[in-house]
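These notes are about the structure you will find just below.
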Amino acid sequence: MRIGILGGGQLARMLALAGHPLGLQCVFLESAPEACAAPVGRLVTGAFKAEAALADFAAAIDVVTTELEHVPLAALEYLAQRRPLLPGSRAIALAQDRLLEKDLFRRLQLPTAHCVAVDTLEELVCAMAETGLPAVLKTRHMGYDGKGQVVLRETADAAAAWRAVGGVPCLLEAMVPFDREVSVIAVRSREGECRFWPLTENRHRNGILSVSRALLQDPLQMLAEDYCRRLLEALDYVGVLALELFQVGDSLLANEYAPRVHNSGHWTIEGAVTSQFENHLRAVAGLPLGATDARGAAAMINFVGQVPERRELLAVAGAHLHLYGKRPAHGRKLGHATLCAVSSALLEQGVRTVLQLTQYREKESALD
Ligand code: AMP
């Protein structure tokens, strides 16, 4: 079976690597000929807006999925008319617009931060009175890794914040005094079976995910699964979905969802019985889902801008290296390590060592 993937980045690459042993070939639609997924599948080079490229892509695949949410709706509609698109275009489209996404959460009675739609500077000033301060101004479209976001601390910040986001339609959200950020990664099959990996705690650095830890038997697991299941069912979703949440005490607020495999689920490659990548492919290919249990304590550390020395990284007990084959650049995700251990104490020791190796490389390159 040939699986078409919209995008040819690291998520597409890891999907293709997981599909290989199952006899599933991946075909990527991507505008960059040097896309990092290219060495592990077939690349159709072209923009999502180019009809000829979409036609070539559709002809080369049996089913289509995505590694990105920001795909033009016209491309999704074009492909959905020719091949099964999983997840469907509604699930992808709603994730492109923070306002529609939050409306969906509210309809499904998933708690969220208090938020108000804002289309002008005047509306922003009124919205600040509603949400209170501090608050976060977020563009409705094209926000990721903290981009398209400005924190407002006092009323006088309004005009500068409005300029900083480029005066586009936004959402103003009350700042959540969260205890931690968690995500739940789920998979739903074509028949509607849902499975969930253990909750993951996520720590960010400069707005980019830095470390994820699997939370084994967390008391909030069932609540997170309940929220996520409502979303999966409302969207009649097929494949892997990640729901990002803020934990405040023993409650969870939904922040956003990603209609795809997710960075906070990379630990599942070696840390779970079946990885998010394999289960996504199983779901879209109409195959039975694999077990989502963790094999033990597990964590993931992202390599952003720099990669530690391979020999040193692999000398850390329980460490597995995943390089994406990308040219290094500031702020670019170049790879990650998965760490597996028999106890959380040993896991933390490994996380500390890998972070030290990563920071050492960062300091070295700053001196270059
Ligand atoms: P997002 O693009 O919505 O995932 O936001 C990126 C990061 O900004 C989140 O992972 C949080 O660390 C932070 N953030 C976003 N929205 C809020 C909020 N309403 N309150 C507190 N922190 C937030």
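Residue numbering restarts at 1 for every chain of the structure tokens, chains are lettered A, B, ... in their displayed order, and ligands are numbered from 1 as they appear.
Contact shell of Phe196 of chain A at 10 Å (only C-alpha atoms; same-chain neighbours under 5 positions omitted): Val184, Ile185, Ala186, Val187, Arg188, Gln221, Met222, Ala224, Glu225, Cys228, Arg229, Val240, Leu241, Ala242, Gln276, Ala291, Thr292 and Asp293 of chain A.
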Write as an mmCIF file with N, CA and C atoms, in the first residue's frame the residues around ligand 1, taking 7 Å as the cut-off and counting only C-alpha atoms and all ligand atoms.
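Full text of result-v6.cif as output:
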data_model
loop_
_atom_site.group_PDB
_atom_site.id
_atom_site.type_symbol
_atom_site.label_atom_id
_atom_site.label_comp_id
_atom_site.auth_asym_id
_atom_site.auth_seq_id
_atom_site.Cartn_x
_atom_site.Cartn_y
_atom_site.Cartn_z
ATOM 1 N N ALA A 113 -8.633 28.195 28.480
ATOM 2 C CA ALA A 113 -8.370 29.521 29.052
ATOM 3 C C ALA A 113 -9.475 30.448 28.555
ATOM 4 N N ALA A 135 -2.030 38.477 29.616
ATOM 5 C CA ALA A 135 -2.764 37.704 28.619
ATOM 6 C C ALA A 135 -1.844 37.454 27.424
ATOM 7 N N VAL A 136 -2.240 36.501 26.601
ATOM 8 C CA VAL A 136 -1.412 36.162 25.435
ATOM 9 C C VAL A 136 -2.214 36.462 24.171
ATOM 10 N N GLY A 143 0.233 29.887 13.668
ATOM 11 C CA GLY A 143 1.061 29.956 14.874
ATOM 12 C C GLY A 143 1.637 28.575 15.189
ATOM 13 N N TYR A 144 2.906 28.495 15.498
ATOM 14 C CA TYR A 144 3.505 27.248 15.981
ATOM 15 C C TYR A 144 4.791 27.574 16.725
ATOM 16 N N ASP A 145 5.210 26.674 17.615
ATOM 17 C CA ASP A 145 6.433 26.861 18.414
ATOM 18 C C ASP A 145 6.515 28.280 18.998
ATOM 19 N N GLY A 146 5.383 28.795 19.475
ATOM 20 C CA GLY A 146 5.381 30.115 20.125
ATOM 21 C C GLY A 146 5.435 31.281 19.145
ATOM 22 N N LYS A 147 5.426 30.988 17.817
ATOM 23 C CA LYS A 147 5.460 32.090 16.835
ATOM 24 C C LYS A 147 4.052 32.666 16.715
ATOM 25 N N GLU A 173 -5.955 35.501 24.914
ATOM 26 C CA GLU A 173 -6.192 34.442 25.903
ATOM 27 C C GLU A 173 -5.670 34.862 27.250
ATOM 28 N N ALA A 174 -6.452 34.618 28.293
ATOM 29 C CA ALA A 174 -5.941 34.856 29.650
ATOM 30 C C ALA A 174 -4.716 33.975 29.857
ATOM 31 N N MET A 175 -3.710 34.502 30.495
ATOM 32 C CA MET A 175 -2.518 33.706 30.813
ATOM 33 C C MET A 175 -2.892 32.674 31.880
ATOM 34 N N VAL A 176 -2.581 31.427 31.613
ATOM 35 C CA VAL A 176 -2.934 30.355 32.549
ATOM 36 C C VAL A 176 -1.746 30.118 33.494
ATOM 37 N N PRO A 177 -1.973 30.231 34.804
ATOM 38 C CA PRO A 177 -0.869 29.965 35.741
ATOM 39 C C PRO A 177 -0.710 28.453 35.925
ATOM 40 N N PHE A 178 -0.259 27.782 34.861
ATOM 41 C CA PHE A 178 -0.277 26.312 34.895
ATOM 42 C C PHE A 178 0.821 25.743 35.779
ATOM 43 N N GLU A 181 2.739 21.613 31.674
ATOM 44 C CA GLU A 181 2.103 21.385 30.378
ATOM 45 C C GLU A 181 2.181 19.900 30.064
ATOM 46 N N HIS A 204 9.400 23.396 27.674
ATOM 47 C CA HIS A 204 9.828 24.154 26.500
ATOM 48 C C HIS A 204 11.040 25.028 26.824
ATOM 49 N N GLY A 207 10.335 28.755 23.612
ATOM 50 C CA GLY A 207 9.100 28.482 22.858
ATOM 51 C C GLY A 207 9.103 27.170 22.097
ATOM 52 N N ASN A 255 -5.454 23.451 25.299
ATOM 53 C CA ASN A 255 -4.792 24.577 24.622
ATOM 54 C C ASN A 255 -4.957 24.448 23.116
ATOM 55 N N GLU A 256 -4.457 23.366 22.536
ATOM 56 C CA GLU A 256 -4.638 23.167 21.096
ATOM 57 C C GLU A 256 -4.469 21.693 20.759
#
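Nearest residue to Cys170 of chain A, choosing from A:Arg90, A:Arg327, A:Arg352, A:Arg140 and counting only C-alpha atoms: A:Arg140.
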Legend entry - Nearest candidate to Val248 of chain A (options A:Gly9, A:Pro169, A:Pro111, A:Pro21; using only C-alpha atoms):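 Of the candidates, the smallest distance to Val248 of chain A is held by A:Pro111.
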Inset, instruction - Could you please write out, as a VMD selection string, every residue of segment 99-328 of chain A that DSSP assigns to strand (DSSP E or B)? - result: chain A and resid 115 to 118 135 to 139 149 to 152 170 to 174 180 to 188 194 to 196 200 to 205 208 to 214 239 to 248 251 to 258 272 294 297 to 304 319 to 323
Legend entry - DSSP alpha helix (DSSP H) selection over segment 119-287 of chain A, as a VMD selection string: chain A and resid 121 to 131 158 to 164 221 to 234 268 to 271 276 to 284
Legend entry - Selected residue of minimal separation from Ser210 of chain A among A:Val238, A:Ala35, A:Leu100, A:Val304, counting only C-alpha atoms: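 Closest to Ser210 of chain A, using only C-alpha atoms: A:Val304.
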Legend entry - Separation of atom CA of Gln10 of chain A from atom CA of Thr139 of chain A, in Å and rounded to one decimal: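 Separation between atom CA of Gln10 of chain A and atom CA of Thr139 of chain A: 25.1 Å.
From atom CA of Glu270 of chain A back to atom CA of Leu68 of chain A, the distance works out to 23.2 Å.
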Inset, instruction - Quick one: everything within 10 Å of Ala75 of chain A, counting only C-alpha atoms, minus sequence neighbours fewer than 6 positions away in the same chain. Send it as a list of chain:residue names. - result: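 Listing them by chain and then by number gives A:Leu6, A:Ala47, A:Phe48, A:Lys49, A:Ala50, A:Glu51, A:Leu54, A:Ser89.
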Write to file, as a tab-separated table (two decimals), in the first residue's frame, the residues of the selection just made, with N, CA and C atoms.
chain	number	residue	atom	x	y	z
A	6	LEU	N	1.42	14.60	3.13
A	6	LEU	CA	1.58	16.02	2.78
A	6	LEU	C	2.69	16.58	3.65
A	47	ALA	N	4.48	22.50	-5.02
A	47	ALA	CA	3.76	23.26	-4.00
A	47	ALA	C	2.36	22.67	-3.81
A	48	PHE	N	1.78	22.88	-2.61
A	48	PHE	CA	0.42	22.39	-2.35
A	48	PHE	C	-0.60	23.09	-3.25
A	49	LYS	N	-0.19	24.24	-3.81
A	49	LYS	CA	-1.13	24.99	-4.65
A	49	LYS	C	-1.01	24.60	-6.11
A	50	ALA	N	-0.01	23.77	-6.47
A	50	ALA	CA	0.22	23.43	-7.88
A	50	ALA	C	-0.62	22.21	-8.26
A	51	GLU	N	-1.60	22.42	-9.15
A	51	GLU	CA	-2.52	21.32	-9.45
A	51	GLU	C	-1.81	20.15	-10.10
A	54	LEU	N	-0.28	18.11	-7.41
A	54	LEU	CA	-1.33	17.38	-6.67
A	54	LEU	C	-1.81	16.18	-7.48
A	89	SER	N	-10.60	16.44	6.11
A	89	SER	CA	-10.23	17.85	5.95
A	89	SER	C	-10.79	18.72	7.09
